[in-house]
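S.K.: Data file query27.cif (mmCIF, N, CA and C atoms and all ligand atoms) is appended below.
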data_query
#
loop_
_atom_site.label_atom_id
_atom_site.label_comp_id
_atom_site.auth_asym_id
_atom_site.auth_seq_id
_atom_site.Cartn_x
_atom_site.Cartn_y
_atom_site.Cartn_z
N MET A 50 13.73 -24.64 5.60
CA MET A 50 13.86 -23.38 6.35
C MET A 50 12.91 -22.34 5.76
N LYS A 51 12.24 -21.61 6.62
CA LYS A 51 11.33 -20.58 6.16
C LYS A 51 12.13 -19.30 5.89
N ALA A 52 11.88 -18.69 4.76
CA ALA A 52 12.62 -17.48 4.39
C ALA A 52 12.13 -16.30 5.23
N ALA A 53 13.04 -15.38 5.47
CA ALA A 53 12.68 -14.16 6.20
C ALA A 53 11.85 -13.25 5.29
N MET A 54 11.31 -12.21 5.87
CA MET A 54 10.53 -11.24 5.11
C MET A 54 11.46 -10.27 4.38
N GLY A 55 10.89 -9.44 3.57
CA GLY A 55 11.64 -8.35 2.97
C GLY A 55 12.25 -8.71 1.63
N PHE A 56 13.37 -8.08 1.33
CA PHE A 56 14.01 -8.23 0.03
C PHE A 56 15.35 -8.93 0.19
N HIS A 57 15.65 -9.76 -0.77
CA HIS A 57 16.82 -10.62 -0.67
C HIS A 57 17.62 -10.52 -1.95
N GLN A 58 18.93 -10.42 -1.81
CA GLN A 58 19.77 -10.24 -2.98
C GLN A 58 20.61 -11.49 -3.23
N CYS A 59 20.68 -11.88 -4.50
CA CYS A 59 21.48 -13.02 -4.90
C CYS A 59 22.96 -12.63 -4.89
N GLN A 60 23.78 -13.48 -4.29
CA GLN A 60 25.20 -13.14 -4.23
C GLN A 60 25.92 -13.42 -5.54
N ASN A 61 25.24 -14.08 -6.46
CA ASN A 61 25.82 -14.37 -7.77
C ASN A 61 25.35 -13.39 -8.84
N CYS A 62 24.05 -13.31 -9.07
CA CYS A 62 23.57 -12.48 -10.18
C CYS A 62 23.06 -11.11 -9.72
N ASP A 63 23.06 -10.85 -8.40
CA ASP A 63 22.69 -9.55 -7.84
C ASP A 63 21.20 -9.20 -7.97
N GLU A 64 20.40 -10.14 -8.45
CA GLU A 64 18.97 -9.87 -8.53
C GLU A 64 18.39 -9.70 -7.13
N ILE A 65 17.37 -8.83 -7.02
CA ILE A 65 16.64 -8.68 -5.77
C ILE A 65 15.35 -9.48 -5.88
N HIS A 66 15.07 -10.28 -4.87
CA HIS A 66 13.86 -11.10 -4.89
C HIS A 66 13.02 -10.84 -3.65
N ARG A 67 11.71 -11.03 -3.81
CA ARG A 67 10.84 -11.07 -2.63
C ARG A 67 11.07 -12.37 -1.88
N ALA A 68 10.83 -12.33 -0.58
CA ALA A 68 11.02 -13.54 0.23
C ALA A 68 10.20 -14.71 -0.32
N ALA A 69 8.99 -14.41 -0.77
CA ALA A 69 8.09 -15.48 -1.23
C ALA A 69 8.62 -16.15 -2.49
N ASP A 70 9.51 -15.49 -3.22
CA ASP A 70 10.00 -16.06 -4.48
C ASP A 70 11.27 -16.89 -4.31
N LEU A 71 11.87 -16.84 -3.13
CA LEU A 71 13.10 -17.61 -2.92
C LEU A 71 12.80 -19.10 -2.88
N LEU A 72 13.75 -19.88 -3.29
CA LEU A 72 13.60 -21.33 -3.26
C LEU A 72 14.24 -21.90 -2.00
N HIS A 73 13.80 -23.09 -1.64
CA HIS A 73 14.39 -23.82 -0.52
C HIS A 73 15.87 -24.09 -0.80
N ILE A 74 16.71 -23.97 0.22
CA ILE A 74 18.15 -24.17 0.02
C ILE A 74 18.48 -25.66 0.09
N LYS A 75 19.08 -26.15 -0.98
CA LYS A 75 19.52 -27.55 -1.00
C LYS A 75 20.93 -27.64 -0.40
N ASP A 76 21.20 -28.68 0.36
CA ASP A 76 22.54 -28.93 0.92
C ASP A 76 23.07 -27.74 1.71
N LEU A 77 22.22 -27.16 2.55
CA LEU A 77 22.61 -25.95 3.30
C LEU A 77 23.91 -26.15 4.08
N SER A 78 24.03 -27.28 4.76
CA SER A 78 25.19 -27.46 5.63
C SER A 78 26.50 -27.53 4.84
N MET A 79 26.43 -27.92 3.56
CA MET A 79 27.64 -27.99 2.74
C MET A 79 28.00 -26.65 2.11
N ARG A 80 27.05 -25.72 2.12
CA ARG A 80 27.26 -24.45 1.42
C ARG A 80 27.54 -23.29 2.37
N VAL A 81 27.31 -23.48 3.65
CA VAL A 81 27.52 -22.40 4.62
C VAL A 81 28.44 -22.91 5.71
N SER A 82 29.49 -22.16 6.00
CA SER A 82 30.42 -22.53 7.06
C SER A 82 29.92 -22.00 8.39
N PRO A 83 30.33 -22.68 9.49
CA PRO A 83 29.95 -22.16 10.81
C PRO A 83 30.40 -20.71 10.96
N GLY A 84 29.54 -19.87 11.49
CA GLY A 84 29.89 -18.47 11.70
C GLY A 84 29.48 -17.58 10.54
N GLU A 85 29.20 -18.16 9.39
CA GLU A 85 28.73 -17.35 8.26
C GLU A 85 27.27 -16.97 8.46
N VAL A 86 26.88 -15.84 7.85
CA VAL A 86 25.48 -15.43 7.92
C VAL A 86 24.64 -16.47 7.17
N VAL A 87 23.59 -16.93 7.81
CA VAL A 87 22.75 -17.94 7.19
C VAL A 87 21.96 -17.29 6.04
N PRO A 88 22.06 -17.87 4.86
CA PRO A 88 21.32 -17.30 3.72
C PRO A 88 19.82 -17.48 3.89
N SER A 89 19.06 -16.66 3.19
CA SER A 89 17.60 -16.72 3.36
C SER A 89 16.93 -17.63 2.34
N GLY A 90 17.62 -17.98 1.26
CA GLY A 90 17.01 -18.88 0.29
C GLY A 90 17.87 -18.97 -0.95
N GLU A 91 17.37 -19.72 -1.92
CA GLU A 91 18.09 -19.84 -3.19
C GLU A 91 17.47 -18.93 -4.23
N CYS A 92 18.33 -18.37 -5.07
CA CYS A 92 17.88 -17.51 -6.17
C CYS A 92 17.05 -18.35 -7.15
N PRO A 93 15.82 -17.90 -7.48
CA PRO A 93 15.01 -18.66 -8.43
C PRO A 93 15.56 -18.59 -9.86
N LEU A 94 16.48 -17.68 -10.10
CA LEU A 94 17.04 -17.55 -11.46
C LEU A 94 18.29 -18.40 -11.64
N CYS A 95 19.23 -18.32 -10.69
CA CYS A 95 20.50 -18.99 -10.92
C CYS A 95 20.84 -20.04 -9.86
N GLY A 96 20.06 -20.11 -8.78
CA GLY A 96 20.29 -21.15 -7.79
C GLY A 96 21.34 -20.82 -6.74
N ALA A 97 21.97 -19.65 -6.85
CA ALA A 97 22.95 -19.26 -5.84
C ALA A 97 22.24 -18.83 -4.55
N LEU A 98 23.01 -18.61 -3.51
CA LEU A 98 22.42 -18.24 -2.23
C LEU A 98 22.05 -16.75 -2.20
N CYS A 99 20.95 -16.44 -1.51
CA CYS A 99 20.51 -15.06 -1.36
C CYS A 99 20.52 -14.69 0.12
N HIS A 100 20.83 -13.43 0.39
CA HIS A 100 20.81 -12.90 1.75
C HIS A 100 19.90 -11.70 1.82
N ILE A 101 19.42 -11.42 3.03
CA ILE A 101 18.56 -10.27 3.22
C ILE A 101 19.29 -9.02 2.74
N ALA A 102 18.61 -8.20 1.94
CA ALA A 102 19.25 -7.07 1.28
C ALA A 102 18.84 -5.75 1.88
N ASP A 103 17.71 -5.72 2.48
CA ASP A 103 17.17 -4.41 2.77
C ASP A 103 16.14 -4.49 3.88
N ASP A 104 15.85 -3.36 4.44
CA ASP A 104 14.87 -3.29 5.50
C ASP A 104 13.48 -3.14 4.89
N PRO A 105 12.61 -4.13 5.06
CA PRO A 105 11.28 -4.04 4.44
C PRO A 105 10.39 -3.01 5.11
N ASN A 106 10.89 -2.41 6.21
CA ASN A 106 10.07 -1.41 6.90
C ASN A 106 10.31 0.00 6.38
N ILE A 107 11.17 0.11 5.37
CA ILE A 107 11.46 1.41 4.77
C ILE A 107 10.86 1.43 3.36
N LEU A 108 10.08 2.46 3.09
CA LEU A 108 9.52 2.67 1.75
C LEU A 108 10.40 3.68 1.02
N ARG A 109 10.71 3.39 -0.25
CA ARG A 109 11.60 4.26 -1.01
C ARG A 109 10.98 4.70 -2.32
N VAL A 110 11.45 5.84 -2.80
CA VAL A 110 11.14 6.26 -4.17
C VAL A 110 11.62 5.14 -5.10
N GLY A 111 10.77 4.75 -6.05
CA GLY A 111 11.12 3.67 -6.96
C GLY A 111 10.53 2.32 -6.55
N ASP A 112 9.99 2.24 -5.34
CA ASP A 112 9.37 0.98 -4.93
C ASP A 112 8.06 0.74 -5.70
N ILE A 113 7.77 -0.52 -5.91
CA ILE A 113 6.48 -0.91 -6.47
C ILE A 113 5.59 -1.32 -5.30
N VAL A 114 4.41 -0.72 -5.26
CA VAL A 114 3.51 -0.97 -4.13
C VAL A 114 2.14 -1.44 -4.64
N MET A 115 1.40 -2.07 -3.75
CA MET A 115 -0.01 -2.32 -4.00
C MET A 115 -0.77 -1.12 -3.46
N TRP A 116 -1.61 -0.56 -4.29
CA TRP A 116 -2.22 0.72 -4.01
C TRP A 116 -3.73 0.62 -4.20
N TRP A 117 -4.48 1.15 -3.23
CA TRP A 117 -5.94 1.15 -3.33
C TRP A 117 -6.34 2.46 -4.00
N GLY A 118 -6.72 2.40 -5.26
CA GLY A 118 -7.01 3.62 -6.02
C GLY A 118 -8.24 4.35 -5.55
N ASN A 119 -9.27 3.64 -5.18
CA ASN A 119 -10.49 4.29 -4.71
C ASN A 119 -10.80 3.71 -3.34
N PHE A 120 -11.05 4.59 -2.40
CA PHE A 120 -11.28 4.14 -1.02
C PHE A 120 -12.36 3.07 -0.98
N GLY A 121 -12.00 1.91 -0.50
CA GLY A 121 -12.96 0.85 -0.25
C GLY A 121 -13.67 0.32 -1.49
N ASP A 122 -13.22 0.70 -2.65
CA ASP A 122 -13.97 0.33 -3.84
C ASP A 122 -13.14 -0.60 -4.73
N ALA A 123 -12.30 -0.03 -5.55
CA ALA A 123 -11.51 -0.83 -6.49
C ALA A 123 -10.59 -1.80 -5.75
N LYS A 124 -10.11 -2.80 -6.46
CA LYS A 124 -9.12 -3.68 -5.84
C LYS A 124 -7.73 -3.05 -5.97
N ALA A 125 -6.82 -3.51 -5.14
CA ALA A 125 -5.48 -2.93 -5.13
C ALA A 125 -4.78 -3.20 -6.46
N GLU A 126 -4.04 -2.20 -6.92
CA GLU A 126 -3.27 -2.32 -8.16
C GLU A 126 -1.81 -2.05 -7.86
N GLU A 127 -0.94 -2.52 -8.74
CA GLU A 127 0.48 -2.20 -8.61
C GLU A 127 0.74 -0.80 -9.14
N ALA A 128 1.62 -0.07 -8.45
CA ALA A 128 2.02 1.25 -8.92
C ALA A 128 3.44 1.52 -8.42
N GLU A 129 4.14 2.38 -9.16
CA GLU A 129 5.51 2.72 -8.78
C GLU A 129 5.53 4.10 -8.15
N ILE A 130 6.35 4.23 -7.12
CA ILE A 130 6.44 5.50 -6.40
C ILE A 130 7.38 6.46 -7.11
N GLU A 131 6.83 7.64 -7.45
CA GLU A 131 7.64 8.67 -8.09
C GLU A 131 8.29 9.58 -7.06
N SER A 132 7.53 9.94 -6.02
CA SER A 132 8.10 10.76 -4.95
C SER A 132 7.28 10.58 -3.68
N LEU A 133 7.89 10.96 -2.57
CA LEU A 133 7.25 10.85 -1.25
C LEU A 133 7.36 12.20 -0.56
N GLU A 134 6.31 12.55 0.17
CA GLU A 134 6.34 13.79 0.95
C GLU A 134 5.83 13.50 2.35
N LEU A 135 6.57 13.98 3.33
CA LEU A 135 6.09 13.90 4.72
C LEU A 135 5.16 15.08 4.97
N VAL A 136 4.02 14.80 5.57
CA VAL A 136 3.04 15.84 5.86
C VAL A 136 2.49 15.64 7.27
N ARG A 137 1.72 16.62 7.74
CA ARG A 137 0.96 16.39 8.96
C ARG A 137 -0.19 15.44 8.62
N PRO A 138 -0.68 14.67 9.59
CA PRO A 138 -1.70 13.66 9.28
C PRO A 138 -2.85 14.23 8.45
N TRP A 139 -3.16 13.55 7.37
CA TRP A 139 -4.25 13.86 6.44
C TRP A 139 -4.05 15.15 5.67
N GLN A 140 -2.91 15.82 5.81
CA GLN A 140 -2.66 16.98 4.97
C GLN A 140 -2.17 16.49 3.62
N LYS A 141 -2.33 17.31 2.60
CA LYS A 141 -1.77 16.94 1.32
C LYS A 141 -0.98 18.08 0.69
N GLU A 142 -0.81 19.17 1.42
CA GLU A 142 -0.01 20.27 0.91
C GLU A 142 1.14 20.58 1.87
N ASP A 143 2.10 21.36 1.35
CA ASP A 143 3.26 21.77 2.15
C ASP A 143 4.05 20.59 2.68
N GLY A 144 4.09 19.51 1.91
CA GLY A 144 4.86 18.35 2.33
C GLY A 144 6.35 18.58 2.18
N LYS A 145 7.10 17.79 2.91
CA LYS A 145 8.55 17.86 2.82
C LYS A 145 9.02 16.66 1.98
N PRO A 146 9.64 16.91 0.82
CA PRO A 146 10.05 15.78 -0.03
C PRO A 146 11.11 14.93 0.66
N VAL A 147 10.95 13.63 0.58
CA VAL A 147 11.94 12.70 1.13
C VAL A 147 12.17 11.57 0.12
N GLU A 148 13.32 10.92 0.23
CA GLU A 148 13.65 9.79 -0.65
C GLU A 148 13.14 8.48 -0.08
N GLU A 149 12.95 8.44 1.24
CA GLU A 149 12.46 7.21 1.88
C GLU A 149 11.79 7.59 3.18
N CYS A 150 10.97 6.68 3.69
CA CYS A 150 10.32 6.91 4.98
C CYS A 150 9.98 5.57 5.61
N GLU A 151 9.70 5.61 6.90
CA GLU A 151 9.28 4.41 7.61
C GLU A 151 7.90 3.99 7.11
N PHE A 152 7.74 2.70 6.84
CA PHE A 152 6.45 2.21 6.35
C PHE A 152 5.34 2.50 7.35
N SER A 153 5.68 2.49 8.64
CA SER A 153 4.66 2.70 9.68
C SER A 153 4.02 4.08 9.60
N LEU A 154 4.71 5.05 9.01
CA LEU A 154 4.12 6.39 8.87
C LEU A 154 2.94 6.40 7.91
N LEU A 155 2.92 5.42 7.00
CA LEU A 155 1.85 5.39 6.00
C LEU A 155 0.49 5.21 6.65
N ALA A 156 0.43 4.29 7.61
CA ALA A 156 -0.85 4.00 8.24
C ALA A 156 -1.37 5.21 9.02
N GLN A 157 -0.45 6.09 9.40
CA GLN A 157 -0.85 7.29 10.14
C GLN A 157 -1.17 8.44 9.20
N ASN A 158 -1.15 8.17 7.88
CA ASN A 158 -1.42 9.20 6.88
C ASN A 158 -0.50 10.41 7.02
N ARG A 159 0.74 10.15 7.33
CA ARG A 159 1.71 11.23 7.45
C ARG A 159 2.62 11.28 6.23
N VAL A 160 2.22 10.57 5.19
CA VAL A 160 3.01 10.54 3.95
C VAL A 160 2.05 10.69 2.77
N ILE A 161 2.43 11.56 1.83
CA ILE A 161 1.73 11.61 0.55
C ILE A 161 2.60 10.87 -0.46
N VAL A 162 1.99 9.96 -1.17
CA VAL A 162 2.72 9.11 -2.11
C VAL A 162 2.30 9.52 -3.53
N ASN A 163 3.27 10.02 -4.29
CA ASN A 163 3.01 10.36 -5.69
C ASN A 163 3.46 9.19 -6.55
N LEU A 164 2.59 8.79 -7.47
CA LEU A 164 2.83 7.58 -8.26
C LEU A 164 3.18 7.96 -9.70
N THR A 165 3.93 7.08 -10.35
CA THR A 165 4.33 7.38 -11.73
C THR A 165 3.15 7.28 -12.70
N ASN A 166 2.01 6.78 -12.25
CA ASN A 166 0.83 6.74 -13.11
C ASN A 166 0.06 8.07 -13.08
N GLY A 167 0.66 9.08 -12.41
CA GLY A 167 0.03 10.40 -12.40
C GLY A 167 -0.93 10.61 -11.25
N ARG A 168 -1.15 9.59 -10.43
CA ARG A 168 -2.06 9.72 -9.30
C ARG A 168 -1.25 9.94 -8.02
N TRP A 169 -1.96 10.31 -6.95
CA TRP A 169 -1.30 10.38 -5.65
C TRP A 169 -2.20 9.68 -4.64
N ALA A 170 -1.61 9.35 -3.50
CA ALA A 170 -2.37 8.60 -2.50
C ALA A 170 -1.97 9.04 -1.10
N TYR A 171 -2.94 8.96 -0.20
CA TYR A 171 -2.60 9.03 1.22
C TYR A 171 -1.87 7.74 1.59
N GLY A 172 -1.08 7.83 2.65
CA GLY A 172 -0.32 6.66 3.07
C GLY A 172 -1.17 5.43 3.29
N SER A 173 -2.35 5.62 3.86
CA SER A 173 -3.18 4.46 4.20
C SER A 173 -3.74 3.76 2.96
N GLN A 174 -3.59 4.37 1.78
CA GLN A 174 -4.02 3.70 0.55
C GLN A 174 -2.96 2.75 0.00
N ILE A 175 -1.78 2.77 0.64
CA ILE A 175 -0.71 1.87 0.20
C ILE A 175 -0.75 0.63 1.07
N GLU A 176 -0.93 -0.52 0.43
CA GLU A 176 -1.11 -1.75 1.20
C GLU A 176 0.22 -2.41 1.54
N SER A 177 1.10 -2.54 0.56
CA SER A 177 2.33 -3.27 0.80
C SER A 177 3.34 -2.95 -0.29
N ILE A 178 4.62 -3.25 0.00
CA ILE A 178 5.67 -3.10 -0.99
C ILE A 178 5.80 -4.46 -1.69
N VAL A 179 5.79 -4.47 -3.00
CA VAL A 179 5.92 -5.76 -3.70
C VAL A 179 7.19 -5.83 -4.54
N GLY A 180 7.90 -4.72 -4.69
CA GLY A 180 9.12 -4.78 -5.48
C GLY A 180 9.91 -3.50 -5.31
N ARG A 181 11.10 -3.53 -5.87
CA ARG A 181 12.00 -2.39 -5.69
C ARG A 181 12.76 -2.23 -7.00
N THR A 182 12.77 -1.02 -7.56
CA THR A 182 13.39 -0.83 -8.87
C THR A 182 14.81 -0.30 -8.75
N LYS A 183 15.19 0.21 -7.58
CA LYS A 183 16.58 0.67 -7.43
C LYS A 183 17.06 0.44 -6.01
ZN ZN A 201 20.93 -15.37 -8.85
#
Output the file's structure as structure tokens, nothing else.
M.R.:
Amino acid sequence: MKAAMGFHQCQNCDEIHRAADLLHIKDLSMRVSPGEVVPSGECPLCGALCHIADDPNILRVGDIVMWWGNFGDAKAEEAEIESLELVRPWQKEDGKPVEECEFSLLAQNRVIVNLTNGRWAYGSQIESIVGRTK
């Protein structure tokens, strides 16, 4: 079975995993009863079943993202989000602080992303979410 996208939580150890890190479920039919939510994969740490935990289309403070530090130049690096501000497209001042936003707003440059490494980015400099710290 192909795992769904987004973030998945282990029902045993509570770890959050990326879809790509989940393992194939062994003996699925013996572990899930009819009518139960079908799990998305096995926990790579403890082998228990994992279920979708969160909406991957929402970006949150504390998320780890791939970030393009220099337009079209450097390769993407991992960075953690310290805060998010909603702005008018391509503005970087007078933003409205938010705890989370729709990922689709990033491509429209309607979000300023402040990173814990002391840098900030326009939304379009954020490529993808790769992890979640809270
Ligand atoms: Zn686990």
S.K.: From the options A:His73, A:Gln157, A:Pro93, A:Met79, which residue's atoms come nearest to ligand ZN 201 (chain A), counting all atoms listed in the file?
M.R.: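 Looking at the shortest contact to ligand ZN 201 (chain A), the residue is A:Pro93.
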S.K.: Residues of chain A that have any atom at most 8 Å from an atom of ligand ZN 201 (chain A): could you tabulate them with the shortest-distance atom pair and the distance in Å to one decimal, using all atoms listed in the file, ordered by chain and increasing number, as JSON lines?
M.R.:
{"residue": "A:Gln58", "atom": "C", "partner": "A:ZN201", "partner_atom": "ZN", "distance": 6.8}
{"residue": "A:Cys59", "atom": "CA", "partner": "A:ZN201", "partner_atom": "ZN", "distance": 4.6}
{"residue": "A:Gln60", "atom": "N", "partner": "A:ZN201", "partner_atom": "ZN", "distance": 5.7}
{"residue": "A:Asn61", "atom": "C", "partner": "A:ZN201", "partner_atom": "ZN", "distance": 4.8}
{"residue": "A:Cys62", "atom": "N", "partner": "A:ZN201", "partner_atom": "ZN", "distance": 3.7}
{"residue": "A:Asp63", "atom": "N", "partner": "A:ZN201", "partner_atom": "ZN", "distance": 5.0}
{"residue": "A:Glu64", "atom": "N", "partner": "A:ZN201", "partner_atom": "ZN", "distance": 5.3}
{"residue": "A:Ile65", "atom": "N", "partner": "A:ZN201", "partner_atom": "ZN", "distance": 7.7}
{"residue": "A:Glu91", "atom": "C", "partner": "A:ZN201", "partner_atom": "ZN", "distance": 6.8}
{"residue": "A:Cys92", "atom": "CA", "partner": "A:ZN201", "partner_atom": "ZN", "distance": 4.6}
{"residue": "A:Pro93", "atom": "N", "partner": "A:ZN201", "partner_atom": "ZN", "distance": 5.9}
{"residue": "A:Leu94", "atom": "C", "partner": "A:ZN201", "partner_atom": "ZN", "distance": 4.9}
{"residue": "A:Cys95", "atom": "N", "partner": "A:ZN201", "partner_atom": "ZN", "distance": 3.9}
{"residue": "A:Gly96", "atom": "N", "partner": "A:ZN201", "partner_atom": "ZN", "distance": 4.8}
{"residue": "A:Ala97", "atom": "N", "partner": "A:ZN201", "partner_atom": "ZN", "distance": 4.8}
{"residue": "A:Leu98", "atom": "N", "partner": "A:ZN201", "partner_atom": "ZN", "distance": 6.6}
{"residue": "A:Cys99", "atom": "N", "partner": "A:ZN201", "partner_atom": "ZN", "distance": 7.4}
S.K.: So that I can check the surroundings of region 146-155 of chain A, please list as a list in words every protein, DNA and RNA residue that reaches within 6 Å of it, counting all atoms listed in the file and ignoring chain neighbours fewer than 4 positions away.
M.R.: Asn106, Ile107, Leu108, Arg109, Val110, Leu133, Glu134, Leu135, Arg159, Val160, Gly172 and Ser173 of chain A
S.K.: Would you give me, as a PyMOL selection string, the residues in chain A that DSSP reads as strand (DSSP E)?
M.R.: chain A and resi 56-59+65-67+90-91+98-103+107-109+112-116+126-135+145-147+149-151+160-164+169-171+175-181
S.K.: Measure the distance from CA of Pro138 (chain A) to CA of Asn158 (chain A) in Å and round it to one decimal.
M.R.: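 Straight-line distance from CA of Pro138 (chain A) to CA of Asn158 (chain A) works out to 5.1 Å.
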S.K.: Would you list the contacts of Thr182 (chain A) as a list in words, taking every protein, DNA or RNA residue within 7 Å and counting all atoms listed in the file, but skipping same-chain residues closer than 4 positions in sequence?
M.R.: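 So, after excluding close chain neighbours, the residues are Val110, Gly111, Asp112 and Ile113 of chain A.
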S.K.: Dump as a PDB file with N, CA and C atoms, in the coordinates of the input all residues having an atom at most 7 Å from (20.5, -22.0, 5.6), computed in the file's coordinates with all atoms listed in the file.
M.R.:
ATOM      1  N   MET A  50      13.730 -24.640   5.600  1.00  0.00           N
ATOM      2  CA  MET A  50      13.860 -23.380   6.350  1.00  0.00           C
ATOM      3  C   MET A  50      12.910 -22.340   5.760  1.00  0.00           C
ATOM      4  N   ILE A  74      16.710 -23.970   0.220  1.00  0.00           N
ATOM      5  CA  ILE A  74      18.150 -24.170   0.020  1.00  0.00           C
ATOM      6  C   ILE A  74      18.480 -25.660   0.090  1.00  0.00           C
ATOM      7  N   LEU A  77      22.220 -27.160   2.550  1.00  0.00           N
ATOM      8  CA  LEU A  77      22.610 -25.950   3.300  1.00  0.00           C
ATOM      9  C   LEU A  77      23.910 -26.150   4.080  1.00  0.00           C
ATOM     10  N   SER A  78      24.030 -27.280   4.760  1.00  0.00           N
ATOM     11  CA  SER A  78      25.190 -27.460   5.630  1.00  0.00           C
ATOM     12  C   SER A  78      26.500 -27.530   4.840  1.00  0.00           C
ATOM     13  N   VAL A  87      23.590 -16.930   7.810  1.00  0.00           N
ATOM     14  CA  VAL A  87      22.750 -17.940   7.190  1.00  0.00           C
ATOM     15  C   VAL A  87      21.960 -17.290   6.040  1.00  0.00           C
ATOM     16  N   PRO A  88      22.060 -17.870   4.860  1.00  0.00           N
ATOM     17  CA  PRO A  88      21.320 -17.300   3.720  1.00  0.00           C
ATOM     18  C   PRO A  88      19.820 -17.480   3.890  1.00  0.00           C
ATOM     19  N   SER A  89      19.060 -16.660   3.190  1.00  0.00           N
ATOM     20  CA  SER A  89      17.600 -16.720   3.360  1.00  0.00           C
ATOM     21  C   SER A  89      16.930 -17.630   2.340  1.00  0.00           C
ATOM     22  N   GLY A  90      17.620 -17.980   1.260  1.00  0.00           N
ATOM     23  CA  GLY A  90      17.010 -18.880   0.290  1.00  0.00           C
ATOM     24  C   GLY A  90      17.870 -18.970  -0.950  1.00  0.00           C
TER      25      GLY A  90
END
S.K.: Between A:Leu72, A:Ile161, A:Met115, A:Ala125, which residue has the minimum interatomic distance to Arg137 (chain A), considering all atoms listed in the file?
M.R.: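 Comparing A:Leu72, A:Ile161, A:Met115, A:Ala125 against Arg137 (chain A), the winner is A:Ile161.
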S.K.: How far is it from CA of His66 (chain A) to atom C of Asn166 (chain A), in Å with one decimal?
M.R.: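 The value is 25.0 Å.
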S.K.: Could you jot down the CA of Ser132 (chain A) to atom C of Lys145 (chain A) separation for me, Å, one decimal place?
M.R.: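 Atom C of Lys145 (chain A) lies at a distance of 9.1 Å from CA of Ser132 (chain A).
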S.K.: Compare A:Ile101, A:Asn163, A:Glu142, A:His57 by their minimum atom-to-atom distance to Ala128 (chain A), counting only N, CA and C atoms, and give me the closest one.
M.R.: A:Asn163
S.K.: Nearest to Val162 (chain A) among A:Asp70, A:Glu85, A:Glu129, A:Asp76, with distances taken over all atoms listed in the file: which residue is it?
M.R.: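 Of A:Asp70, A:Glu85, A:Glu129, A:Asp76, the one nearest Val162 (chain A) is A:Glu129, counting all atoms listed in the file.
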S.K.: I'd like to know which of A:Gly118, A:Lys75, A:Arg80, A:Phe56 is closest to Trp169 (chain A), using all atoms listed in the file.
M.R.: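 Comparing A:Gly118, A:Lys75, A:Arg80, A:Phe56 against Trp169 (chain A), the winner is A:Gly118.
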S.K.: From the options A:Ala170, A:Ile178, A:His100, A:Arg67, which residue's atoms come nearest to Gln140 (chain A), counting only C-alpha atoms?
M.R.: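 Of A:Ala170, A:Ile178, A:His100, A:Arg67, the one nearest Gln140 (chain A), counting only C-alpha atoms, is A:Ala170.
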S.K.: Per DSSP on the backbone, filter chain A down to the residues in alpha helix (DSSP H) and report them as a PDB file with N, CA and C atoms, in the coordinates of the input.
M.R.:
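Dumped everything to states.pdb:
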ATOM      1  N   LEU A  77      22.220 -27.160   2.550  1.00  0.00           N
ATOM      2  CA  LEU A  77      22.610 -25.950   3.300  1.00  0.00           C
ATOM      3  C   LEU A  77      23.910 -26.150   4.080  1.00  0.00           C
ATOM      4  N   SER A  78      24.030 -27.280   4.760  1.00  0.00           N
ATOM      5  CA  SER A  78      25.190 -27.460   5.630  1.00  0.00           C
ATOM      6  C   SER A  78      26.500 -27.530   4.840  1.00  0.00           C
ATOM      7  N   MET A  79      26.430 -27.920   3.560  1.00  0.00           N
ATOM      8  CA  MET A  79      27.640 -27.990   2.740  1.00  0.00           C
ATOM      9  C   MET A  79      28.000 -26.650   2.110  1.00  0.00           C
ATOM     10  N   ARG A  80      27.050 -25.720   2.120  1.00  0.00           N
ATOM     11  CA  ARG A  80      27.260 -24.450   1.420  1.00  0.00           C
ATOM     12  C   ARG A  80      27.540 -23.290   2.370  1.00  0.00           C
ATOM     13  N   SER A 153       5.680   2.490   8.640  1.00  0.00           N
ATOM     14  CA  SER A 153       4.660   2.700   9.680  1.00  0.00           C
ATOM     15  C   SER A 153       4.020   4.080   9.600  1.00  0.00           C
ATOM     16  N   LEU A 154       4.710   5.050   9.010  1.00  0.00           N
ATOM     17  CA  LEU A 154       4.120   6.390   8.870  1.00  0.00           C
ATOM     18  C   LEU A 154       2.940   6.400   7.910  1.00  0.00           C
ATOM     19  N   LEU A 155       2.920   5.420   7.000  1.00  0.00           N
ATOM     20  CA  LEU A 155       1.850   5.390   6.000  1.00  0.00           C
ATOM     21  C   LEU A 155       0.490   5.210   6.650  1.00  0.00           C
ATOM     22  N   ALA A 156       0.430   4.290   7.610  1.00  0.00           N
ATOM     23  CA  ALA A 156      -0.850   4.000   8.240  1.00  0.00           C
ATOM     24  C   ALA A 156      -1.370   5.210   9.020  1.00  0.00           C
TER      25      ALA A 156
END
S.K.: Show me that you can extract region 94-99 of chain A, keeping N, CA and C atoms, and write it as a JSON list (two decimals), in the first residue's frame.
M.R.:
[["chain", "number", "residue", "atom", "x", "y", "z"],
["A", 94, "LEU", "N", 10.19, 3.23, 13.99],
["A", 94, "LEU", "CA", 10.86, 3.06, 15.29],
["A", 94, "LEU", "C", 10.36, 1.84, 16.05],
["A", 95, "CYS", "N", 9.03, 1.69, 16.14],
["A", 95, "CYS", "CA", 8.52, 0.62, 16.99],
["A", 95, "CYS", "C", 7.65, -0.40, 16.24],
["A", 96, "GLY", "N", 7.32, -0.13, 14.98],
["A", 96, "GLY", "CA", 6.56, -1.10, 14.20],
["A", 96, "GLY", "C", 5.06, -1.05, 14.39],
["A", 97, "ALA", "N", 4.58, -0.16, 15.26],
["A", 97, "ALA", "CA", 3.13, -0.04, 15.44],
["A", 97, "ALA", "C", 2.52, 0.71, 14.25],
["A", 98, "LEU", "N", 1.20, 0.74, 14.20],
["A", 98, "LEU", "CA", 0.53, 1.38, 13.08],
["A", 98, "LEU", "C", 0.51, 2.91, 13.25],
["A", 99, "CYS", "N", 0.61, 3.62, 12.12],
["A", 99, "CYS", "CA", 0.56, 5.07, 12.12],
["A", 99, "CYS", "C", -0.64, 5.53, 11.30]]
